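Data first, discussion second: the structure below is written as structure tokens.
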Amino acid sequence: MAEVNVNQNVVSPKKNSNSGTGALAKLFRRNDMGVVIATALLFLIFALVTDSFFTRYNLFNISRTAGLYVFIAMGQMIVLVIGGMNLSLGGIGGLVVVAAGYTMDSMGWSPWISVPIALAVGMLAGAFNGIIIVKSKINSFIITLASLFIFTGLVTGISQGFPYTEIPKSFTLMGRGSLLGVPYTFILAIVTLLIMAYVFKFTVIGRRILATGGNLEAAQLSGIRTDRIVFLCHVLSGLFGAIAGLLWVSRMGSAQPATGSDWLIISFAVAIIGGTALTGGEASMLALFASAILLTLIKNGLIMLNVNVYFEQTFLGLIILLAVSIDRIRAMLHSSTRKFGRRDATEA
Amino acid sequence: MYRKLSKPLLLLVILMMVLAAALSACSSEEPAPPPESKPAESEAPAESKEAAQPAESEAPAEKEAAEAEEKTAEEAPTQEAAESEAPAEAAPAQSEYKLVWYASAPHPYFEEVLKGVEAFEQEYGIPVEKQIGPDWEQSSQNERVEALAAQGFTHFSIYPSDASGANGLYEELTQNGIKVVNFGASTMQPTTASFVVATDVKAAAMQATEALIQSMGGKGKIINVLEVLEDSNTVLRKEGVEEVVAKYPDVEIIQEISGMTSVEEAVEKIGNALSANINEVDGIIATGFTTSVGIAQVLSEYYDTGGDREIHAVGIDTDPTVMKAIEDGVMDGTIAQNPYGHGYLSLLALKYMADGYEPVEGVYHIDSGAAFVTKDNLDTYADDIMAVTEQIKSELTTKYLEK
Amino acid sequence: MLDIKQVSKFFPGVKALDRVSLVFQPGQVHAVVGENGAGKSTLIKIICGIYIPDEGEVVLNGEKLALKSYSDALEKKISLVSQEIQVIPKSTIAENIMLDKMEHFTRRGAINWKQLNREADKYIRMVELNLPPDTEVGGLSAAQKQLIMIAKSLSSDAQILILDEPTSALTRHETDNLLKLMRKLADDGVTIIFVNHKLEEVLAVSDKVSVLRDGQYVGTRDVEGLQKDDIVKMMIGRDARTIYLGQLDIDWNTTVLEARNISQENTFKNVSFSLHKGEILGFYGLVGSGRTELARILIGEDPRDGGQIIINGQVARIHSMADSLYKYQMGYVSENRKELGLLLNSTIQTNVAITVWNRMLNGIKAISLKQERAITEKFMEAVDVKATGPDQIVNDLSGGNQQKVSISKWLAAGCDILIIDEPTIGVDVGAKEYIHKLIWDLAKVEGKSIILISSDMPEMVNLARRILIFKEFEIVGEIDNLNDREHSYEEVSQAIGQYLA
């Protein structure tokens, strides 16, 4: 699976003295395994406890929603990783949806024209954030909070709250279609995750993004044009938001201007449970992927288990807590084995 | 230090100037909305007729979008214009009526209501101060309505953003001799509002449930989709659904879901609920706007992807997605409310009160009526609703108001 | 009397302290010295209750201490003034001093400022700070903040006062004052534990000095009659060499970098100098005299209002470090390695290869991980970084090894011109020697041109072959005959002193 783990906190994996643990233990020691394990466990539990969980229809729905979550979370991850944030992600999503709806419905243009326009709108919105953050040196929290209002206002202003319904049938292929039972949305998410994992591990630009997030000033004094990196990441954030928005339009077959209103929490939850450091400089595509599935699973499972509607949110919170504490437990187990292993080694 | 600061500062100043320029351009493009009200008179019947037929919007969707655009051009400035020009134009002198129509936030429903308001304006030649707020927060509603009251307006037709929270605002208004009528939804009772012009939500929910159970042949298992439980209306709808189901021994609610504020959430949750019960569910009912769109979406997808279980579904409101689902046979029907009437009748009641009428003792609800829309009456249901509006209109000064 | 008995502390993979025993007497200034990683910080933290010892015990006046936190220590009148100055910048001096005692100065819930300020003023006088109690702390100098911290400790009636590297941010004059204050407090009966790198200061003020090495106790000596070399010997376990490194092969005819009339609003006015091929040019001066500020102008990170930078005979257009590095092969090793030099939470590999990622692309434009590792290992070996491997997180390295990594980055980049800012701050004696050798060889063997910024006089004398003396954003003097013959430390420092006077 895709993975980026620039900051492997593994001390001397080669010379480690506790033998007999093998590759599995090595995998277990990885920073991003906690959420993967939690997701796998939850999947297993739901599959065993409820009979309608492991049906084609349900798996299709889960994977498609998870695919969408991946893009929403990537939009946040790419700015979290440089130590910033994008509160306006949902606003960008809404703007893109309206751009797509307006061009396809009101103007009657073909998706081949609308989609590039919509993507460009998303990237422009991101660029708007980026340029102001870079030039004004004001915290991204404040800038994107302001732009969230700007974008949301534009969305309601342009659409007047009306959905655009005349979306060409052909455009719904991406959001509704599937290959061998796997939704295109999900496939696209995996491909994008793989690309981003590759970017972070193997490309100069990816490394520079991580370095910028690790310590902006040090990166700058190491010859990285951090302003350009910050700008680029905000453009990418806009792009991911745009893709998520378009996938939603494609799935709905209509462009709902309220799209994106609930992205803020999803984007932070998935990205951060998925191992993106709030302080920047670290991201794991594998964990992000697992965490997108995790969140979808929880929401799905709660309905499968038919929990009391009044307390649903409480359960959601509890399961998220449980899932993230698995990571703490893993880390504790890991460090204690490491400690004892080392102590033995020094004593010996 | 200064050098470092000067650049971003300059940028900010430029940005603000651009913003200011854009804003002033926006407001100056539409120099004066009032002239629009006169020539519009000839258009009035056509427009009101259209308003009465929101269902039709499906076919000429482009037209609707274009219309929406027109609205952008026409209505958008009203808010701004209102602040700058209303006190000068509408409120004082010209008319002895100082009427306000206030909606919480941009929403398709309010656009429909607005058509009723405009019809009232044209029919009676009374200008109405029409405002749409920025969001669904009670606090922003308070601020804006208070500002309008300060400008001398005396009669308000308001959609309460928060069913209990709005009462505080109303109490203050009525203490100052201002009359308030709820439209669309009622505030919690007791309230100082004179009337509510709205669909009887519980009755509508019961009607929808009845229709669903009929289509299921009087037996089967139902998923009940509620919007947000924090809303007191949702609780009424829930009661309505449950009361009807209780009458049928062979009908059972197998799952209840709630907590959906956006279509995105609704689609996800309804999809989940459907998967959870796919082998036993016979019917699904929504009593809220977004959830109805959600059902339309999820069921269309279900059948598109080869789902073969027969699932009956009934929703509420006439969103294009829902209407299309009914047309395609994906949903059995929906409850059409009377947004036109909400606007028209609430203002008419206010006018009468301004003329000296008082509400009849003990009367508070003006049920604006609802029609059940199926594939068969897609084209004609609007007339039924219009008839209800006319009916209420004729009874307004007898049944609801007296001198 | 504070008695440390057989105290040990373990961290994963490390014995930070190994059965250390030590006695601190009241009324004495007792210095604790040792190289980085010798265990000084761990010892202090144990005394202050921040760490709990794994073995052994701490006994205060016959009572066994079982401290769980720093607040426990404060209760026992043990107080720490630490390396990182911890003041609340937006508050006044009085507030900072009385922070933990505010509740004693309230009347009906409201703070009685008059009374609070009066009480604080007592301690302000005690440390000879001589500022009104209601001065906001943010704008004060490092030394003044240090004094506030000491005053705060005194206000808690501290009997044991631990000073952890208190002079690292202070000027000479401020340091002298601080040492005098320490002496005075000790004479009043306070136990002072003084942790410091600067052995001159240790010798000047202490009664006793104890040495730690690799987590173990080496010994305690009376300072009277003790020589600096004796302490160094105990610290590194062998004799320290004072080195004359010889002559550099400077090509005086080739000017690689020339600054002409550099000006900047409110700071520099027409500052000029030139750097020759193979030269080590020293920038000497106090912190804030304009050395680092000039370096930042040279690398394009700060703007200049006038003047030219000429590199290899051509006017250079530099607007950022990236320009400096990629267009002109000029590197800059920051003085502040933790904040400006390193990605602390990243691996050694990332920190070394960061300047050369774009040079190790394979056929498909991807970074070759193999090559990246190879380069890292090469430089780790070249500069002798002691670590478990290229994957170790830089934050876990000692100061000296961090500095080596910070320099490696620029070695990997292959810069022709290198500006090295305070290369041995917070670096232990052994690593310091190594870094000196490294810088020397860069110039001597590889013919690089180096600007060395340092306020460490012996370092200057050892390495620089020409010294520019900075004072208040001006170059006030130049010592240019160092490459001719061996100069003694006294000789050079006297010459510099004349310019600064």
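Identifiers for the structure tokens are assigned positionally: chains receive A, B, ... in sequence, residues are indexed from 1 per chain, and ligands are indexed from 1 in the order shown.
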If you count only C-alpha atoms, which residues fall within 12 Å of B:Val145, apart from same-chain ones fewer than 4 positions away, as a ChimeraX atom specification?
/B:83,99-104,129-133,138-141,149-161,166,169-170,172-173,178,180
Saved selection, atoms kept: N, CA, C and O atoms, as a tab-separated table (two decimals), in the first residue's frame:
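Saved result, selection_31.tsv, follows:
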chain	number	residue	atom	x	y	z
B	83	GLU	N	-31.24	48.37	2.86
B	83	GLU	CA	-30.60	49.11	3.92
B	83	GLU	C	-30.43	50.58	3.55
B	83	GLU	O	-30.59	51.45	4.38
B	99	LEU	N	-44.77	47.03	5.98
B	99	LEU	CA	-44.73	45.58	6.04
B	99	LEU	C	-43.32	45.06	5.74
B	99	LEU	O	-42.62	45.60	4.90
B	100	VAL	N	-42.95	44.01	6.46
B	100	VAL	CA	-41.66	43.36	6.23
B	100	VAL	C	-41.88	41.88	6.04
B	100	VAL	O	-42.68	41.25	6.74
B	101	TRP	N	-41.16	41.36	5.04
B	101	TRP	CA	-41.09	39.90	4.93
B	101	TRP	C	-39.65	39.51	5.15
B	101	TRP	O	-38.75	40.02	4.50
B	102	TYR	N	-39.43	38.63	6.11
B	102	TYR	CA	-38.05	38.28	6.45
B	102	TYR	C	-37.82	36.77	6.41
B	102	TYR	O	-38.47	36.00	7.12
B	103	ALA	N	-36.85	36.34	5.56
B	103	ALA	CA	-36.48	34.92	5.47
B	103	ALA	C	-35.09	34.74	6.02
B	103	ALA	O	-34.25	35.64	5.96
B	104	SER	N	-34.82	33.54	6.55
B	104	SER	CA	-33.56	33.33	7.26
B	104	SER	C	-32.34	33.41	6.36
B	104	SER	O	-31.37	34.09	6.66
B	129	GLU	N	-41.15	45.36	2.39
B	129	GLU	CA	-39.70	45.30	2.57
B	129	GLU	C	-39.30	43.82	2.67
B	129	GLU	O	-39.64	43.15	3.63
B	130	LYS	N	-38.60	43.33	1.62
B	130	LYS	CA	-38.28	41.90	1.58
B	130	LYS	C	-36.80	41.69	1.89
B	130	LYS	O	-35.95	42.24	1.22
B	131	GLN	N	-36.54	40.90	2.91
B	131	GLN	CA	-35.13	40.65	3.26
B	131	GLN	C	-34.86	39.18	3.43
B	131	GLN	O	-35.67	38.44	3.99
B	132	ILE	N	-33.68	38.78	2.93
B	132	ILE	CA	-33.21	37.41	3.16
B	132	ILE	C	-31.91	37.51	3.93
B	132	ILE	O	-30.98	38.20	3.52
B	133	GLY	N	-31.85	36.84	5.07
B	133	GLY	CA	-30.66	36.91	5.93
B	133	GLY	C	-29.51	36.06	5.41
B	133	GLY	O	-29.63	35.41	4.37
B	138	GLN	N	-30.33	32.24	14.85
B	138	GLN	CA	-31.33	33.13	15.41
B	138	GLN	C	-30.72	34.51	15.68
B	138	GLN	O	-31.36	35.53	15.52
B	139	SER	N	-29.43	34.50	16.07
B	139	SER	CA	-28.82	35.77	16.44
B	139	SER	C	-28.77	36.74	15.26
B	139	SER	O	-29.05	37.93	15.41
B	140	SER	N	-28.45	36.22	14.08
B	140	SER	CA	-28.39	37.16	12.95
B	140	SER	C	-29.79	37.62	12.58
B	140	SER	O	-29.99	38.75	12.13
B	141	GLN	N	-30.78	36.74	12.79
B	141	GLN	CA	-32.16	37.15	12.54
B	141	GLN	C	-32.55	38.29	13.48
B	141	GLN	O	-33.13	39.28	13.05
B	149	ALA	N	-37.05	47.06	12.66
B	149	ALA	CA	-38.03	47.65	13.57
B	149	ALA	C	-37.62	49.07	13.92
B	149	ALA	O	-38.46	49.98	14.00
B	150	ALA	N	-36.33	49.27	14.08
B	150	ALA	CA	-35.82	50.59	14.41
B	150	ALA	C	-36.09	51.58	13.28
B	150	ALA	O	-36.19	52.78	13.50
B	151	GLN	N	-36.20	51.05	12.07
B	151	GLN	CA	-36.47	51.92	10.93
B	151	GLN	C	-37.94	52.29	10.81
B	151	GLN	O	-38.33	53.00	9.89
B	152	GLY	N	-38.76	51.76	11.69
B	152	GLY	CA	-40.16	52.16	11.70
B	152	GLY	C	-41.13	51.17	11.08
B	152	GLY	O	-42.31	51.47	10.92
B	153	PHE	N	-40.67	50.00	10.76
B	153	PHE	CA	-41.60	49.01	10.22
B	153	PHE	C	-42.44	48.44	11.36
B	153	PHE	O	-41.95	48.29	12.49
B	154	THR	N	-43.68	48.12	11.05
B	154	THR	CA	-44.60	47.76	12.14
B	154	THR	C	-45.22	46.37	12.00
B	154	THR	O	-45.75	45.83	12.96
B	155	HIS	N	-45.17	45.79	10.80
B	155	HIS	CA	-45.81	44.48	10.61
B	155	HIS	C	-44.83	43.53	9.94
B	155	HIS	O	-44.34	43.81	8.85
B	156	PHE	N	-44.57	42.42	10.61
B	156	PHE	CA	-43.51	41.50	10.16
B	156	PHE	C	-44.05	40.11	9.86
B	156	PHE	O	-44.77	39.53	10.67
B	157	SER	N	-43.66	39.61	8.72
B	157	SER	CA	-43.88	38.19	8.41
B	157	SER	C	-42.52	37.52	8.45
B	157	SER	O	-41.63	37.85	7.68
B	158	ILE	N	-42.35	36.61	9.40
B	158	ILE	CA	-41.01	36.07	9.66
B	158	ILE	C	-41.01	34.55	9.64
B	158	ILE	O	-41.93	33.91	10.16
B	159	TYR	N	-39.96	34.00	9.05
B	159	TYR	CA	-39.71	32.57	9.22
B	159	TYR	C	-38.80	32.44	10.42
B	159	TYR	O	-37.67	32.92	10.40
B	160	PRO	N	-39.26	31.83	11.52
B	160	PRO	CA	-38.42	31.78	12.72
B	160	PRO	C	-37.23	30.85	12.52
B	160	PRO	O	-37.42	29.66	12.25
B	161	SER	N	-36.01	31.39	12.65
B	161	SER	CA	-34.83	30.55	12.46
B	161	SER	C	-34.76	29.47	13.52
B	161	SER	O	-34.35	28.35	13.27
B	166	ALA	N	-36.75	32.32	18.61
B	166	ALA	CA	-37.37	33.47	17.98
B	166	ALA	C	-38.38	34.15	18.90
B	166	ALA	O	-38.66	35.34	18.76
B	169	LEU	N	-37.29	37.35	20.48
B	169	LEU	CA	-37.34	38.48	19.55
B	169	LEU	C	-38.77	39.00	19.43
B	169	LEU	O	-39.03	40.19	19.51
B	170	TYR	N	-39.71	38.06	19.27
B	170	TYR	CA	-41.11	38.44	19.07
B	170	TYR	C	-41.65	39.21	20.27
B	170	TYR	O	-42.39	40.17	20.14
B	172	GLU	N	-40.10	41.11	22.33
B	172	GLU	CA	-39.64	42.49	22.29
B	172	GLU	C	-40.41	43.29	21.25
B	172	GLU	O	-40.80	44.43	21.48
B	173	LEU	N	-40.62	42.68	20.09
B	173	LEU	CA	-41.31	43.39	19.02
B	173	LEU	C	-42.74	43.73	19.42
B	173	LEU	O	-43.19	44.88	19.28
B	178	ILE	N	-45.58	46.06	17.74
B	178	ILE	CA	-45.37	45.51	16.39
B	178	ILE	C	-46.08	44.17	16.28
B	178	ILE	O	-46.13	43.38	17.23
B	180	VAL	N	-46.50	40.47	14.57
B	180	VAL	CA	-45.66	39.46	13.91
B	180	VAL	C	-46.52	38.28	13.48
B	180	VAL	O	-47.39	37.83	14.23
Please return, as a list in words, all residues of stretch 160-198 of chain B that DSSP assigns to helix (DSSP H, G or I) on the basis of the backbone.
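Restricting stretch 160-198 of chain B to helix (DSSP H, G or I) produces Gly165, Ala166, Asn167, Gly168, Leu169, Tyr170, Glu171, Glu172, Leu173, Thr174 and Gln175 of chain B.
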Could those residues be written to a file, using C-alpha atoms, as an mmCIF file, in the first residue's frame?
data_model
loop_
_atom_site.group_PDB
_atom_site.id
_atom_site.type_symbol
_atom_site.label_atom_id
_atom_site.label_comp_id
_atom_site.auth_asym_id
_atom_site.auth_seq_id
_atom_site.Cartn_x
_atom_site.Cartn_y
_atom_site.Cartn_z
ATOM 1 C CA GLY B 165 -35.266 31.256 20.211
ATOM 2 C CA ALA B 166 -37.368 33.475 17.977
ATOM 3 C CA ASN B 167 -39.922 33.977 20.737
ATOM 4 C CA GLY B 168 -37.557 36.252 22.583
ATOM 5 C CA LEU B 169 -37.342 38.481 19.554
ATOM 6 C CA TYR B 170 -41.110 38.445 19.074
ATOM 7 C CA GLU B 171 -41.769 39.402 22.682
ATOM 8 C CA GLU B 172 -39.641 42.487 22.292
ATOM 9 C CA LEU B 173 -41.312 43.390 19.018
ATOM 10 C CA THR B 174 -44.863 42.972 20.276
ATOM 11 C CA GLN B 175 -44.100 44.956 23.396
#
Enumerate, in order of chain and increasing residue number, the residues of chain C with an atom no farther than 10 Å from chain B, each with its shortest atom pair and distance in Å to one decimal, counting only C-alpha atoms, as a Markdown table.
| residue | atom | partner | partner_atom | distance |
| --- | --- | --- | --- | --- |
| C:Glu265 | CA | B:Arg3 | CA | 8.7 |
| C:Asn266 | CA | B:Met1 | CA | 9.6 |
| C:Asp302 | CA | B:Lys4 | CA | 9.2 |
| C:Pro303 | CA | B:Arg3 | CA | 8.6 |
| C:Asp305 | CA | B:Arg3 | CA | 9.9 |
Using only C-alpha atoms, find which residues of chain A lie within 6 Å of chain B and jot them down as a PyMOL selection string.
chain A and resi 52+58+106+135-136+160-162+300+303-304+309
Limited to C-alpha atoms, could you put the picked residues into a file as a PDB file, in the first residue's frame?
ATOM      1  CA  SER A  52     -26.179  -6.869   6.002  1.00  0.00           C
ATOM      2  CA  ASN A  58     -23.145  -1.921   1.248  1.00  0.00           C
ATOM      3  CA  SER A 106     -27.354  27.258 -17.090  1.00  0.00           C
ATOM      4  CA  LYS A 135       2.386  37.869   0.827  1.00  0.00           C
ATOM      5  CA  SER A 136       0.767  39.023   4.039  1.00  0.00           C
ATOM      6  CA  GLN A 160     -29.503  31.577  -4.598  1.00  0.00           C
ATOM      7  CA  GLY A 161     -29.597  28.225  -2.884  1.00  0.00           C
ATOM      8  CA  PHE A 162     -31.029  26.476  -5.922  1.00  0.00           C
ATOM      9  CA  ASN A 300     -22.172   2.941   8.461  1.00  0.00           C
ATOM     10  CA  ILE A 303     -26.772   2.521  11.453  1.00  0.00           C
ATOM     11  CA  MET A 304     -26.205  -1.183  10.846  1.00  0.00           C
ATOM     12  CA  VAL A 309     -30.682   8.007  17.160  1.00  0.00           C
TER      13      VAL A 309
END
